[in-house]
>>> print(open('protein_1.cif').read())   # mmCIF, C-alpha atoms
data_query
loop_
_atom_site.label_atom_id
_atom_site.label_comp_id
_atom_site.auth_asym_id
_atom_site.auth_seq_id
_atom_site.Cartn_x
_atom_site.Cartn_y
_atom_site.Cartn_z
CA MET Q 1 0.00 0.00 0.00
CA ALA Q 2 1.34 3.42 -0.87
CA THR Q 3 0.36 6.54 1.04
CA PHE Q 4 0.95 10.06 -0.27
CA LEU Q 5 0.49 13.00 2.07
CA PRO Q 6 1.08 16.48 0.71
CA GLY Q 7 2.97 19.17 2.46
CA TRP Q 8 3.39 18.13 6.06
CA PRO Q 9 5.51 15.37 7.56
CA ILE Q 10 3.63 12.68 9.45
CA PHE Q 11 6.83 11.78 11.29
CA PRO Q 12 8.96 14.96 11.51
CA GLU Q 13 11.74 13.03 13.22
CA ILE Q 14 12.16 10.91 10.06
CA ASP Q 15 13.83 13.08 7.44
CA ARG Q 16 13.77 10.46 4.68
CA LEU Q 17 11.64 10.72 1.59
CA HIS Q 18 10.66 7.04 1.68
CA SER Q 19 9.95 4.96 4.79
CA ILE Q 20 8.67 1.38 4.85
CA PHE Q 21 6.60 0.20 7.80
CA GLU Q 22 6.15 -3.53 8.19
CA PHE Q 23 3.79 -5.49 10.42
CA ARG Q 24 5.52 -7.76 12.94
CA GLU Q 25 4.48 -9.84 15.93
CA ARG Q 26 5.26 -7.78 19.03
CA SER Q 27 7.22 -10.35 21.09
CA SER Q 28 9.00 -12.47 18.50
CA HIS Q 29 9.23 -9.75 15.82
CA TRP Q 30 8.22 -12.28 13.18
CA PRO Q 31 6.88 -10.49 10.12
CA LEU Q 32 3.21 -10.94 9.35
CA GLY Q 33 4.27 -11.52 5.77
CA ASP Q 34 6.52 -10.05 3.16
CA GLN Q 35 3.55 -8.77 1.13
CA LEU Q 36 2.12 -6.53 3.84
CA SER Q 37 3.84 -3.16 4.35
CA ILE Q 38 3.09 0.52 4.13
CA HIS Q 39 5.34 2.73 2.03
CA LEU Q 40 5.17 6.32 3.19
CA LEU Q 41 6.45 9.10 0.95
CA GLN Q 42 7.01 12.32 2.89
CA LEU Q 43 6.98 14.61 -0.09
CA GLY Q 44 8.35 17.51 1.90
CA SER Q 45 11.56 15.52 2.39
CA LEU Q 46 12.90 15.49 -1.15
CA SER Q 47 16.59 14.96 -0.62
CA PRO Q 48 19.88 15.09 -2.52
CA PRO Q 49 20.26 12.83 -5.55
CA PRO Q 50 19.72 9.16 -4.68
CA ILE Q 51 22.52 6.62 -4.75
CA ASP Q 52 20.71 3.59 -6.20
CA ASP Q 53 18.07 2.83 -8.84
CA TYR Q 54 15.28 2.13 -6.33
CA ALA Q 55 15.84 5.41 -4.47
CA ALA Q 56 16.03 7.24 -7.81
CA SER Q 57 12.68 5.76 -8.83
CA VAL Q 58 11.06 6.71 -5.52
CA GLN Q 59 12.43 10.24 -5.78
CA ARG Q 60 11.24 10.53 -9.38
CA TRP Q 61 7.68 9.62 -8.29
CA ALA Q 62 7.88 12.10 -5.44
CA ARG Q 63 8.92 14.80 -7.92
CA PHE Q 64 5.97 13.79 -10.10
CA PHE Q 65 3.50 14.16 -7.22
CA THR Q 66 4.92 17.54 -6.20
CA ALA Q 67 5.48 18.99 -9.70
CA LYS Q 68 4.15 22.54 -9.90
CA SER Q 69 4.56 23.20 -13.61
CA ASP Q 70 4.22 21.59 -17.02
CA ASP Q 71 7.96 22.10 -17.53
CA ALA Q 72 8.72 20.00 -14.45
CA LEU Q 73 6.41 17.25 -15.74
CA ASP Q 74 7.96 17.43 -19.22
CA LEU Q 75 11.41 17.02 -17.71
CA LEU Q 76 10.24 13.96 -15.78
CA ALA Q 77 8.60 12.54 -18.91
CA SER Q 78 11.94 12.75 -20.70
CA GLU Q 79 13.71 10.73 -17.98
CA THR Q 80 11.95 7.35 -18.23
CA PRO Q 81 9.12 5.70 -20.17
CA ILE Q 82 7.04 5.22 -17.00
CA MET Q 83 7.24 8.96 -16.25
CA ALA Q 84 6.23 9.71 -19.85
CA LEU Q 85 3.22 7.39 -19.43
CA ALA Q 86 2.33 8.95 -16.06
CA THR Q 87 2.53 12.47 -17.52
CA GLN Q 88 0.48 11.45 -20.56
CA THR Q 89 -2.15 9.83 -18.30
CA LEU Q 90 -2.29 12.97 -16.16
CA ASP Q 91 -2.83 15.05 -19.31
CA ILE Q 92 -5.68 12.76 -20.41
CA LEU Q 93 -7.30 12.86 -16.97
CA SER Q 94 -6.97 16.65 -16.89
CA GLN Q 95 -9.02 16.86 -20.11
CA ASP Q 96 -11.96 15.00 -18.51
CA HIS Q 97 -14.22 17.63 -16.90
CA GLU Q 98 -15.66 15.22 -14.32
CA THR Q 99 -12.22 14.02 -13.23
CA TYR Q 100 -10.99 17.61 -13.09
CA ARG Q 101 -14.01 18.60 -10.96
CA ARG Q 102 -13.34 15.72 -8.55
CA ALA Q 103 -9.68 16.66 -8.30
CA ARG Q 104 -10.61 20.29 -7.51
CA GLU Q 105 -13.13 19.13 -4.89
CA ARG Q 106 -10.48 16.90 -3.31
CA ALA Q 107 -7.93 19.72 -3.29
CA ASP Q 108 -10.48 22.10 -1.76
CA ALA Q 109 -11.48 19.50 0.83
CA LEU Q 110 -7.82 18.98 1.71
CA LYS Q 111 -7.31 22.73 2.18
CA LEU Q 112 -10.40 22.93 4.39
CA TYR Q 113 -9.14 19.95 6.38
CA GLN Q 114 -5.78 21.67 6.92
CA ILE Q 115 -7.50 24.89 8.02
CA ASP Q 116 -9.79 22.95 10.36
CA LEU Q 117 -6.84 20.99 11.76
CA ALA Q 118 -4.90 24.19 12.46
CA ALA Q 119 -7.95 25.74 14.13
CA THR Q 120 -8.54 22.62 16.21
CA ARG Q 121 -4.91 22.62 17.34
CA ALA Q 122 -5.13 26.30 18.27
CA GLU Q 123 -8.36 25.67 20.20
CA GLY Q 124 -6.71 22.75 21.98
CA ARG Q 125 -3.74 24.88 22.98
CA ALA Q 126 -6.05 27.64 24.24
CA GLU Q 127 -8.11 25.14 26.23
CA GLY Q 128 -4.94 23.65 27.67
CA ARG Q 129 -3.69 27.07 28.73
CA ALA Q 130 -7.05 27.90 30.36
CA GLU Q 131 -7.06 24.57 32.23
CA GLY Q 132 -3.52 25.22 33.44
CA GLU Q 133 -4.38 28.74 34.56
CA ALA Q 134 -7.48 27.48 36.40
CA ARG Q 135 -5.47 24.73 38.10
CA LEU Q 136 -2.80 27.22 39.20
CA LEU Q 137 -5.39 29.73 40.45
CA LEU Q 138 -7.17 27.00 42.43
CA LYS Q 139 -3.90 25.95 44.03
CA LEU Q 140 -2.90 29.51 44.94
CA LEU Q 141 -6.36 30.37 46.30
CA GLY Q 142 -6.34 27.20 48.37
CA LEU Q 143 -2.91 28.00 49.79
CA ARG Q 144 -3.91 31.55 50.62
CA PHE Q 145 -7.51 31.16 51.82
CA GLY Q 146 -7.74 27.48 52.81
CA PRO Q 147 -9.93 24.72 51.35
CA LEU Q 148 -12.28 25.94 48.60
CA PRO Q 149 -15.93 24.90 48.29
CA GLN Q 150 -16.62 22.42 45.47
CA GLY Q 151 -19.00 24.84 43.71
CA LEU Q 152 -16.30 27.48 43.61
CA ARG Q 153 -13.79 24.96 42.28
CA ALA Q 154 -16.20 24.11 39.45
CA GLN Q 155 -16.83 27.82 38.72
CA ILE Q 156 -13.09 28.51 38.42
CA SER Q 157 -12.45 25.37 36.35
CA THR Q 158 -14.99 26.47 33.72
CA ALA Q 159 -14.24 30.21 33.72
CA ALA Q 160 -13.13 32.09 30.62
CA PRO Q 161 -9.42 32.97 30.36
CA GLU Q 162 -10.16 36.69 30.79
CA GLN Q 163 -12.00 36.02 34.05
CA LEU Q 164 -9.17 33.81 35.31
CA ASP Q 165 -6.69 36.62 34.59
CA ALA Q 166 -8.84 39.14 36.49
CA TRP Q 167 -9.11 36.83 39.51
CA ALA Q 168 -5.38 36.12 39.46
CA GLU Q 169 -4.58 39.86 39.47
CA ARG Q 170 -7.04 40.56 42.31
CA MET Q 171 -5.60 37.70 44.35
CA LEU Q 172 -2.38 39.67 44.79
CA THR Q 173 -4.06 42.45 46.78
CA ALA Q 174 -7.33 40.93 48.07
CA THR Q 175 -7.70 40.15 51.75
CA SER Q 176 -10.58 37.73 51.29
CA LEU Q 177 -11.85 35.18 48.80
CA ASP Q 178 -14.93 37.36 48.22
CA GLN Q 179 -12.71 40.27 47.13
CA VAL Q 180 -10.89 38.02 44.64
CA LEU Q 181 -14.14 36.74 43.10
CA ALA Q 182 -16.05 40.06 43.04
CA ARG Q 183 -17.32 40.89 39.58
#
>>> encode(input="protein_1.cif", output="structure tokens")
Amino acid sequence: MATFLPGWPIFPEIDRLHSIFEFRERSSHWPLGDQLSIHLLQLGSLSPPPIDDYAASVQRWARFFTAKSDDALDLLASETPIMALATQTLDILSQDHETYRRARERADALKLYQIDLAATRAEGRAEGRAEGEARLLLKLLGLRFGPLPQGLRAQISTAAPEQLDAWAERMLTATSLDQVLAR
């Protein structure tokens, strides 16, 4: 099975273009079979010229998948017959309006997915910061004013970041828990 992921590395710590993942039994490390593996091309990791025919072929396909111009595809087509066939097939598919529409929809869906993923990560970081701030505020209030009622703990745990900041600032000068939590 071949997997092609545009633009971002799935495993940033692996800086190779081509990685092969094989299925093995956990204890004995016996392979499940020599026909079952996943080849992962991290297209963002195009590297210096390859040293053997297999690596050259893999890199050529990676260049095909990341080509941004007709000139780049024409150059690839001139290198080997399989690249010429791939380029010709791409040209034929590009002429078909339905195939072109599907490709555009897929590209648009991928862009939306990337935007959604970035937004989700940002939301997760913001939620994590708010949870950390709430936890720290609860600890400091408990140290300063003694055990906190459960209802108050829940109120602080679900408060907006702006409210947490206001309470944290007031805690520095307040003489009572009521002064900290005043609105």
>>> residues_around(input="protein_1.cif", residues="Asp165 (chain Q)", least_positions_apart="3", cutoff="10 Å", atoms="all atoms listed in the file", output="PDB file with C-alpha atoms, in the frame of the given file")
ATOM      1  CA  ALA Q 130      -7.050  27.900  30.360  1.00  0.00           C
ATOM      2  CA  GLU Q 133      -4.380  28.740  34.560  1.00  0.00           C
ATOM      3  CA  ALA Q 134      -7.480  27.480  36.400  1.00  0.00           C
ATOM      4  CA  LEU Q 137      -5.390  29.730  40.450  1.00  0.00           C
ATOM      5  CA  ALA Q 159     -14.240  30.210  33.720  1.00  0.00           C
ATOM      6  CA  ALA Q 160     -13.130  32.090  30.620  1.00  0.00           C
ATOM      7  CA  PRO Q 161      -9.420  32.970  30.360  1.00  0.00           C
ATOM      8  CA  GLU Q 162     -10.160  36.690  30.790  1.00  0.00           C
ATOM      9  CA  ALA Q 168      -5.380  36.120  39.460  1.00  0.00           C
ATOM     10  CA  GLU Q 169      -4.580  39.860  39.470  1.00  0.00           C
ATOM     11  CA  ARG Q 170      -7.040  40.560  42.310  1.00  0.00           C
ATOM     12  CA  MET Q 171      -5.600  37.700  44.350  1.00  0.00           C
TER      13      MET Q 171
END
>>> resolve_selection(input="protein_1.cif", expression="the PyMOL selection byres ((chain Q and resi 114-128) around 12)", output="ChimeraX atom specification")
/Q:5-8,107-113,129-135,157-162
>>> closest_residue(input="protein_1.cif", among="Q:Gln155, Q:Arg60, Q:Leu141, Q:Ser19", to="Thr175 (chain Q)", atoms="only C-alpha atoms")
Q:Leu141
>>> residues_near_point(input="protein_1.cif", point="(10.6, 13.8, -8.8)", cutoff="10 Å", atoms="only C-alpha atoms", output="list in words")
Leu43, Leu46, Ala56, Ser57, Val58, Gln59, Arg60, Trp61, Ala62, Arg63, Phe64, Phe65, Thr66, Ala67, Ala72, Leu73, Leu75, Leu76 and Met83 of chain Q
>>> resolve_selection(input="protein_1.cif", expression="the PyMOL selection byres ((chain Q and resi 39) around 6)", output="list in words")
Ala2, Ser19, Ile20, Ile38 and Leu40 of chain Q
>>> axis_aligned_box(input="protein_1.cif", around="region 61-67 of chain Q", padding_each_side="8 Å", output="JSON")
{"center_x": 6.2, "center_y": 14.3, "center_z": -7.8, "size_x": 21.4, "size_y": 25.4, "size_z": 20.7}
>>> closest_residue(input="protein_1.cif", among="Q:Leu85, Q:Leu93, Q:Leu17, Q:Leu143", to="Leu177 (chain Q)", atoms="all atoms listed in the file")
Q:Leu143
>>> closest_residue(input="protein_1.cif", among="Q:Leu41, Q:Leu140, Q:Ala166, Q:Ala84", to="Phe11 (chain Q)", atoms="all atoms listed in the file")
Q:Leu41
>>> atom_distance(input="protein_1.cif", atom1="CA of Gly33 (chain Q)", atom2="CA of Phe21 (chain Q)")
12.1 Å
>>> closest_residue(input="protein_1.cif", among="Q:Gly151, Q:Asp91, Q:Tyr54, Q:His29", to="Ala77 (chain Q)", atoms="only C-alpha atoms")
Q:Asp91
>>> closest_residue(input="protein_1.cif", among="Q:Pro149, Q:Pro12, Q:Pro81, Q:Gly142", to="Gln42 (chain Q)", atoms="all atoms listed in the file")
Q:Pro12
>>> build_atoms(input="protein_1.cif", residues="region 118-137 of chain Q", atoms="N, CA, C and O atoms", output="compact mmCIF listing (two decimals), in the frame of the given file")
# COMPACT_ATOMS: atom_id res chain seq x y z
N ALA Q 118 -5.64 23.10 11.81
CA ALA Q 118 -4.90 24.19 12.46
C ALA Q 118 -5.77 24.88 13.51
O ALA Q 118 -5.30 25.19 14.61
N ALA Q 119 -7.04 25.10 13.17
CA ALA Q 119 -7.95 25.74 14.13
C ALA Q 119 -8.18 24.85 15.35
O ALA Q 119 -8.19 25.33 16.49
N THR Q 120 -8.33 23.57 15.11
CA THR Q 120 -8.54 22.62 16.21
C THR Q 120 -7.32 22.59 17.12
O THR Q 120 -7.45 22.57 18.35
N ARG Q 121 -6.13 22.60 16.52
CA ARG Q 121 -4.91 22.62 17.34
C ARG Q 121 -4.83 23.89 18.15
O ARG Q 121 -4.46 23.86 19.33
N ALA Q 122 -5.17 25.02 17.54
CA ALA Q 122 -5.13 26.30 18.27
C ALA Q 122 -6.14 26.29 19.41
O ALA Q 122 -5.84 26.75 20.52
N GLU Q 123 -7.34 25.76 19.14
CA GLU Q 123 -8.36 25.67 20.20
C GLU Q 123 -7.87 24.77 21.33
O GLU Q 123 -8.06 25.09 22.50
N GLY Q 124 -7.24 23.67 20.97
CA GLY Q 124 -6.71 22.75 21.98
C GLY Q 124 -5.65 23.40 22.85
O GLY Q 124 -5.62 23.23 24.07
N ARG Q 125 -4.77 24.18 22.21
CA ARG Q 125 -3.74 24.88 22.98
C ARG Q 125 -4.38 25.91 23.91
O ARG Q 125 -3.99 26.04 25.07
N ALA Q 126 -5.38 26.64 23.41
CA ALA Q 126 -6.05 27.64 24.24
C ALA Q 126 -6.76 26.97 25.41
O ALA Q 126 -6.70 27.46 26.54
N GLU Q 127 -7.43 25.86 25.14
CA GLU Q 127 -8.11 25.14 26.23
C GLU Q 127 -7.11 24.63 27.25
O GLU Q 127 -7.34 24.69 28.45
N GLY Q 128 -5.99 24.14 26.76
CA GLY Q 128 -4.94 23.65 27.67
C GLY Q 128 -4.39 24.75 28.54
O GLY Q 128 -4.15 24.56 29.73
N ARG Q 129 -4.18 25.94 27.94
CA ARG Q 129 -3.69 27.07 28.73
C ARG Q 129 -4.72 27.47 29.79
O ARG Q 129 -4.37 27.72 30.94
N ALA Q 130 -6.00 27.52 29.41
CA ALA Q 130 -7.05 27.90 30.36
C ALA Q 130 -7.13 26.88 31.50
O ALA Q 130 -7.27 27.26 32.67
N GLU Q 131 -7.03 25.60 31.18
CA GLU Q 131 -7.06 24.57 32.23
C GLU Q 131 -5.88 24.72 33.17
O GLU Q 131 -6.02 24.61 34.39
N GLY Q 132 -4.71 25.02 32.60
CA GLY Q 132 -3.52 25.22 33.44
C GLY Q 132 -3.65 26.44 34.32
O GLY Q 132 -3.28 26.41 35.50
N GLU Q 133 -4.18 27.52 33.77
CA GLU Q 133 -4.38 28.74 34.56
C GLU Q 133 -5.38 28.48 35.69
O GLU Q 133 -5.18 28.93 36.82
N ALA Q 134 -6.47 27.78 35.38
CA ALA Q 134 -7.48 27.48 36.40
C ALA Q 134 -6.88 26.62 37.51
O ALA Q 134 -7.10 26.87 38.70
N ARG Q 135 -6.09 25.62 37.12
CA ARG Q 135 -5.47 24.73 38.10
C ARG Q 135 -4.53 25.53 39.02
O ARG Q 135 -4.54 25.35 40.24
N LEU Q 136 -3.73 26.41 38.41
CA LEU Q 136 -2.80 27.22 39.20
C LEU Q 136 -3.56 28.17 40.13
O LEU Q 136 -3.21 28.31 41.32
N LEU Q 137 -4.60 28.82 39.62
CA LEU Q 137 -5.39 29.73 40.45
C LEU Q 137 -6.03 28.98 41.62
O LEU Q 137 -6.02 29.46 42.76
